[in-house]
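**Student:** Dumping the structure here so I can ask a few things about it.
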Amino acid sequence: MNRIGIVCALHSEARCFTPRTLPAQQPIELNEKTLLILSGMGREPAREAAQKLVEAGADFLAGFGTAGALAPALRPGDLVLAEEVSEAGKKYAASAELTASVRERLSRNGITVHTGTLACAAEPVATVEAKRELFAQTGAIAVDMESAGVLDAARRNGLPAFVLRVIIDAARVALPDAVLQRVDEFGEVDVPGLALDLARSPGQIPAAIRLACAARRAGRTMRQAGIPLLHHAGLVKHTEVVYK
């Protein structure tokens, strides 16, 4: 059986596959060929979650969720398939065969996919200047906080893996501090606290509204892209896929 194990850091990402609110770090069987786990933000939680999917019987792994754009051409809602992930000078390659299969499947469904290097950061890359600097240093087209952990676990276990991410913030857009301070490790927002902070700092309100609109657009793309993963026949042609 070709059984996919999907790692999502945030509740909003996991809800693309199930309406249930998942417990952290516990593999959930969605169907006989699909496992899902909620990791929380960060490389190590993602690596731990991916390892638990392997132990639960996953034959290949997927990192799925949102990312921030580093390439100026990318916009909220754009879909990115990582050819490799760069982290502190290290490179983690995704499975070339799986990446090509996912891209072909999504293209058949009319979904445009961008490919390239993805950067993995230890904390949110929030300012325009930080995004510009990371883009110049790595050449990565987007950044997240979990993908290196997923690919690291796959490599350690000799399994193929791919990373599929949807852009939520453009390279030219800074993330508002008020939002960053009121989001927990699973992406849940302290709404009363955020409202209070925005009332105290109304200059951040336009940026918060723009981010909310971008998040809705990214969510639509995530749900559309998640369907082929939930019903992933054709993503893997045989059980002897070799990790590259």
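Each chain in the structure tokens gets a letter, A, B and so on, in the order shown; residues start at 1 in every chain, and ligands are counted from 1 in the order they appear.
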Would you mind listing what lies within 8 Å of A:Glu13 as a list in words, with only C-alpha atoms counted and same-chain residues fewer than 3 positions away left out?

**Tutor:**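 The contact residues come out as Cys8, Ala9, Leu10, Cys16, Phe17, Phe64, Gly65, Thr66, Gly219 and Met222 of chain A.
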
**Student:** Using only C-alpha atoms, which residues sit within 12 Å of A:Ala69 once same-chain residues fewer than 4 positions away are excluded, as a ChimeraX atom specification?

**Tutor:** /A:73-80,114,116-119,124-128,130-132,134-135,139-144,165-175

**Student:** Set out as a Markdown table a contact list for stretch 106-216 of chain A and stretch 34-54 of chain A with a cut-off of 10 Å, giving each residue of stretch 106-216 of chain A that qualifies its closest atom pair and distance in Å to one decimal, counting only C-alpha atoms, ordered by chain and rising residue number.

**Tutor:**
```
| residue | atom | partner | partner_atom | distance |
| --- | --- | --- | --- | --- |
| A:Cys120 | CA | A:Arg43 | CA | 7.9 |
| A:Ala121 | CA | A:Arg43 | CA | 8.2 |
| A:Ala122 | CA | A:Gly42 | CA | 6.6 |
| A:Glu123 | CA | A:Gly42 | CA | 7.6 |
| A:Pro124 | CA | A:Gly42 | CA | 9.6 |
| A:Asp144 | CA | A:Gly42 | CA | 8.7 |
| A:Met145 | CA | A:Gly42 | CA | 5.0 |
| A:Glu146 | CA | A:Arg43 | CA | 4.3 |
| A:Ser147 | CA | A:Arg43 | CA | 6.9 |
| A:Ala148 | CA | A:Arg43 | CA | 6.3 |
| A:Gly149 | CA | A:Arg47 | CA | 4.1 |
| A:Val150 | CA | A:Arg47 | CA | 5.1 |
| A:Leu151 | CA | A:Arg47 | CA | 7.9 |
| A:Asp152 | CA | A:Arg47 | CA | 6.8 |
| A:Ala153 | CA | A:Arg47 | CA | 5.6 |
| A:Ala154 | CA | A:Ala50 | CA | 7.5 |
| A:Arg156 | CA | A:Gln51 | CA | 9.1 |
| A:Asn157 | CA | A:Val54 | CA | 7.8 |
| A:Leu159 | CA | A:Val54 | CA | 8.7 |
| A:Asp184 | CA | A:Met41 | CA | 8.7 |
| A:Glu185 | CA | A:Met41 | CA | 5.2 |
| A:Phe186 | CA | A:Gly40 | CA | 4.9 |
| A:Gly187 | CA | A:Gly40 | CA | 8.0 |
```

**Student:** Include C-alpha atoms and write out the residues we just selected as a compact mmCIF listing (two decimals), in the first residue's frame.

**Tutor:**
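And here's selection38.txt as it stands now:
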```txt
# COMPACT_ATOMS: atom_id res chain seq x y z
CA CYS A 120 13.25 26.96 6.28
CA ALA A 121 13.59 29.56 9.06
CA ALA A 122 13.64 29.26 12.83
CA GLU A 123 11.14 32.11 13.28
CA PRO A 124 8.72 34.09 11.11
CA ASP A 144 8.36 28.40 6.00
CA MET A 145 9.36 26.95 9.38
CA GLU A 146 8.69 23.21 9.07
CA SER A 147 9.75 21.75 5.74
CA ALA A 148 13.34 20.94 6.66
CA GLY A 149 12.07 18.85 9.57
CA VAL A 150 9.77 16.82 7.31
CA LEU A 151 12.48 16.15 4.72
CA ASP A 152 15.03 15.37 7.43
CA ALA A 153 12.74 12.70 8.90
CA ALA A 154 12.12 11.27 5.44
CA ARG A 156 16.58 9.41 8.04
CA ASN A 157 13.98 6.74 7.32
CA LEU A 159 11.34 7.41 2.51
CA ASP A 184 -0.16 30.55 19.04
CA GLU A 185 2.01 27.66 17.82
CA PHE A 186 -0.96 26.11 15.99
CA GLY A 187 -1.98 29.31 14.22
```

**Student:** Between atom CA of A:Glu188 and atom CA of A:His11, measure the distance and give it in Å to one decimal.

**Tutor:**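 Separation of atom CA of A:Glu188 and atom CA of A:His11: 7.3 Å.
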
**Student:** Could you go through stretch 18-207 of chain A and tell me which residues DSSP, when run on the backbone, assigns to alpha helix (DSSP H), listing them as a ChimeraX atom specification?

**Tutor:** /A:43-55,96-108,128-138,147-157,177-181,191-200,205-207

**Student:** Find the distance between atom CA of A:Gly63 and atom CA of A:Phe162 and write it in Å to one decimal.

**Tutor:**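 Taking atom CA of A:Gly63 as the start and atom CA of A:Phe162 as the end point, the length is 6.4 Å.
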
**Student:** Run DSSP on the backbone and tell me which residues of stretch 102-236 of chain A come out as strand (DSSP E); list them as a CSV table (one decimal) with N, CA and C atoms, in the first residue's frame.

**Tutor:**
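For reference, part-v3.csv as written:
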```csv
chain,number,residue,atom,x,y,z
A,113,VAL,N,1.4,25.7,-10.6
A,113,VAL,CA,2.4,25.4,-9.6
A,113,VAL,C,3.7,26.0,-9.9
A,114,HIS,N,4.3,26.6,-8.9
A,114,HIS,CA,5.7,27.2,-9.0
A,114,HIS,C,6.7,26.2,-8.3
A,115,THR,N,7.8,26.0,-8.9
A,115,THR,CA,8.8,25.1,-8.3
A,115,THR,C,10.1,25.9,-8.0
A,116,GLY,N,10.9,25.4,-7.1
A,116,GLY,CA,12.1,26.1,-6.7
A,116,GLY,C,12.6,25.7,-5.4
A,117,THR,N,13.6,26.4,-4.8
A,117,THR,CA,14.1,26.2,-3.5
A,117,THR,C,13.2,26.8,-2.5
A,118,LEU,N,12.9,26.2,-1.3
A,118,LEU,CA,12.2,26.7,-0.2
A,118,LEU,C,13.2,26.9,0.9
A,119,ALA,N,13.1,28.0,1.6
A,119,ALA,CA,14.0,28.2,2.8
A,119,ALA,C,13.2,27.8,4.0
A,120,CYS,N,13.9,27.3,5.0
A,120,CYS,CA,13.3,27.0,6.3
A,120,CYS,C,13.9,27.8,7.4
A,142,ALA,N,10.4,31.0,-1.5
A,142,ALA,CA,9.5,31.1,-0.4
A,142,ALA,C,10.1,30.6,0.9
A,143,VAL,N,9.5,30.9,2.0
A,143,VAL,CA,10.0,30.4,3.3
A,143,VAL,C,8.9,29.9,4.2
A,144,ASP,N,9.2,28.9,4.9
A,144,ASP,CA,8.4,28.4,6.0
A,144,ASP,C,9.2,28.0,7.2
A,161,ALA,N,9.6,12.0,0.0
A,161,ALA,CA,8.8,13.1,0.5
A,161,ALA,C,8.8,14.3,-0.4
A,162,PHE,N,7.7,15.1,-0.3
A,162,PHE,CA,7.6,16.3,-1.0
A,162,PHE,C,7.0,17.4,-0.1
A,163,VAL,N,7.1,18.6,-0.6
A,163,VAL,CA,6.6,19.8,0.2
A,163,VAL,C,5.8,20.6,-0.7
A,164,LEU,N,4.5,20.9,-0.3
A,164,LEU,CA,3.6,21.7,-1.1
A,164,LEU,C,3.1,22.8,-0.2
A,165,ARG,N,3.4,24.1,-0.6
A,165,ARG,CA,3.1,25.2,0.2
A,165,ARG,C,2.3,26.3,-0.6
A,166,VAL,N,1.4,27.0,0.1
A,166,VAL,CA,0.6,28.1,-0.5
A,166,VAL,C,1.1,29.4,0.1
A,167,ILE,N,1.3,30.4,-0.8
A,167,ILE,CA,1.8,31.7,-0.3
A,167,ILE,C,0.7,32.4,0.4
A,168,ILE,N,1.0,32.9,1.6
A,168,ILE,CA,0.1,33.7,2.3
A,168,ILE,C,0.5,35.2,2.4
A,169,ASP,N,1.8,35.5,2.4
A,169,ASP,CA,2.2,36.9,2.4
A,169,ASP,C,3.2,37.1,1.3
```

**Student:** Any chance you could tabulate, as a tab-separated table, the residues of stretch 62-88 of chain A at most 8 Å from stretch 98-110 of chain A with each one's nearest atom pair and distance in Å to one decimal, using only C-alpha atoms, in chain and rising number order?

**Tutor:**
```
residue	atom	partner	partner_atom	distance
A:Leu81	CA	A:Thr99	CA	6.9
A:Ala82	CA	A:Thr99	CA	7.7
A:Glu83	CA	A:Thr99	CA	7.2
```

**Student:** Quick one: distance from atom CA of A:Leu230 to atom CA of A:Ala96 in Å, one decimal?

**Tutor:** 20.3 Å

**Student:** Find the spatial neighbours of A:Gly203, counting only C-alpha atoms, within a cut-off of 12 Å - ignore same-chain residues fewer than 6 positions away - and output them as a VMD selection string.

**Tutor:** chain A and resid 176 to 178 197 209

**Student:** A:Ala208, A:Ile111, A:Ile227, A:Val191: which is nearest A:Thr18, counting only C-alpha atoms?

**Tutor:** A:Ile227
